[in-house]
Every structure is written in C-alpha cells, then in structure tokens.
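Contents: one structure, followed by commentary.
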Amino acid sequence: MAMNRCLWVNMKNPIYIKYHDEEWCEPKHDDKSLYELLILESFQAGLSWECVLNKRDAFKKAYDNFDINKVVKYNDKKIDELINNKNIIRNKLKIKASINNSKVFKSIQKEYESFDKYIWSFTNNKVLYLDYEITSNELSDTISKDLIKRGMKFVGTTIIYSYLQAVGIINSHHKDCWRYKNEKSI
C-alpha cells in the first residue's frame, strides 16, 4: 500500500522521497545542519529545491563537508575551483554569497552562543503548523530582513520560508500526507 505524500514530491526521485520522508519539516537544532541547509537554500534562488537536493552530495564534497571554519577562509583560488566544479551550481554570485553568509553565520553564533538559539528565538522554540502552499509570511519577512541587515545575501523571504520548513520551524506537511498524520498524532 502506497503512502500518501505531499503533492510536491517527485515520486520518481528517490532522493526527493527520502528528503521528504526523513528530513523536511523535522526540527533541527544542531548548528552544522542549520548551516548546511542555509547554504543549500541560498543556492536554490531561481531554481528548484529538487535541483539543489540532487547536487547535495557534490556540494558536501566541494564545501569540505560544510565545515564552516574552512568555508570562511575560502579565497579566490577556491572560488575559481567552485565555479569550475560542474557537479554543483556554478553561480559566482551565489558562491561568493555562501562564503560571506558563512562569516555572518559565525558572527550570529558568537552573539547568540549558537545559530540554533538565534533562529528558533523567532518562534520562542515552537514549531508552527502552516499551510503547505504558502511561500512566505510575516515570520520569513522578519528573519529575511534581519539576515540581510546583518549582511547575508540570497536570503529573501521565499528562500527563508523554505529554509524554515527545511529546519522544522515551519511544518507544512499536507493534511493527506502520512507525515502530517504522524506529526499530529504525537
């Protein structure tokens, strides 16, 4: 018997199915996961999440397994290496933004003791259950503006809304999805 999933899941892509079933809208609190997903989401701008997700393993390899202490030190040589890496999204502006955003991420960690404390403070550590068809809201507007004010790039409200879903602050599983029923039954 097939499980019902959110309508956006490409049922022909096992990577996408696994992401939906095991990660999407699952609350994350470790800074490494929060960092990885923020970097990946920033590459989504103008593209589909499926496109980014399909390249996730290549991004992990190219970005030193998302070791923020290495990424913040990337220089022009590393930027050229990333631009020439055919396995990732080779947008120079997004690559430079990822390095810049890593530095801002670290400054937020220093200010709040962790990025987790920062990002979850916007909802007082609560998960919000919202309609899956929404692509932005007042929360994503507020966080996007704050991150931009701090110097981040490619963190508009739609990207941040998607990020909040990815890290489980917003749970948007469709009412017919097995994850929705599972989440609601707890």
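Here's how to read the names in the structure tokens: chain A, B, ... by the order shown, residue numbers from 1 in each chain, ligand numbers from 1 in the order shown.
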
Closest contacts (region 11-45 of chain A/region 118-141 of chain A, max 10 Å, only C-alpha atoms) as a Markdown table:
```
| residue | atom | partner | partner_atom | distance |
| --- | --- | --- | --- | --- |
| A:Cys25 | CA | A:Val127 | CA | 9.1 |
| A:Glu26 | CA | A:Val127 | CA | 9.5 |
| A:Pro27 | CA | A:Val127 | CA | 7.7 |
| A:Lys28 | CA | A:Trp120 | CA | 9.7 |
| A:His29 | CA | A:Trp120 | CA | 8.5 |
| A:Leu34 | CA | A:Ile119 | CA | 9.0 |
```

Handout entry: Members of region 128-174 of chain A assigned strand (DSSP E) by DSSP, as a PyMOL selection string
Key = chain A and resi 128-129+170-171

Practice task
Please report, as JSON, numbers by chain, each residue of region 4-185 of chain A to which DSSP assigns helix (DSSP H, G or I) when run on this structure's backbone.
Solution key: {"A": [14, 15, 16, 17, 18, 19, 20, 21, 22, 31, 32, 33, 34, 35, 36, 37, 38, 39, 40, 41, 42, 43, 44, 49, 50, 51, 52, 53, 54, 56, 57, 58, 59, 60, 61, 62, 64, 65, 66, 68, 69, 70, 71, 76, 77, 78, 79, 80, 81, 82, 83, 92, 93, 94, 95, 96, 97, 98, 99, 100, 101, 102, 103, 104, 105, 106, 107, 108, 109, 110, 111, 112, 115, 116, 117, 118, 119, 120, 121, 138, 139, 140, 141, 142, 143, 144, 145, 146, 147, 148, 149, 157, 158, 159, 160, 161, 162, 163, 164, 165, 166, 178, 179, 180, 181, 182, 183, 184, 185]}

Practice task
Write out as JSON, numbers by chain each polymer residue whose atoms come within 10 Å of Ser114 (chain A), counting only C-alpha atoms; drop sequence neighbours fewer than 4 positions from it.
Solution key: {"A": [29, 30, 31, 105, 106, 107, 108, 109, 110, 118, 119]}

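A straight line drawn from CA of Lys78 (chain A) to CA of Ser144 (chain A) is 27.6 Å long.
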
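CA of His20 (chain A) to CA of Asn100 (chain A) spans 29.0 Å [interatomic distance, one decimal].
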
Fill in the blank from the handout: Residue with the minimum atom-to-atom distance to Ile89 (chain A), picked from A:Tyr74, A:Phe66, A:Phe43, A:Trp8 with only C-alpha atoms counted, is A:Phe43
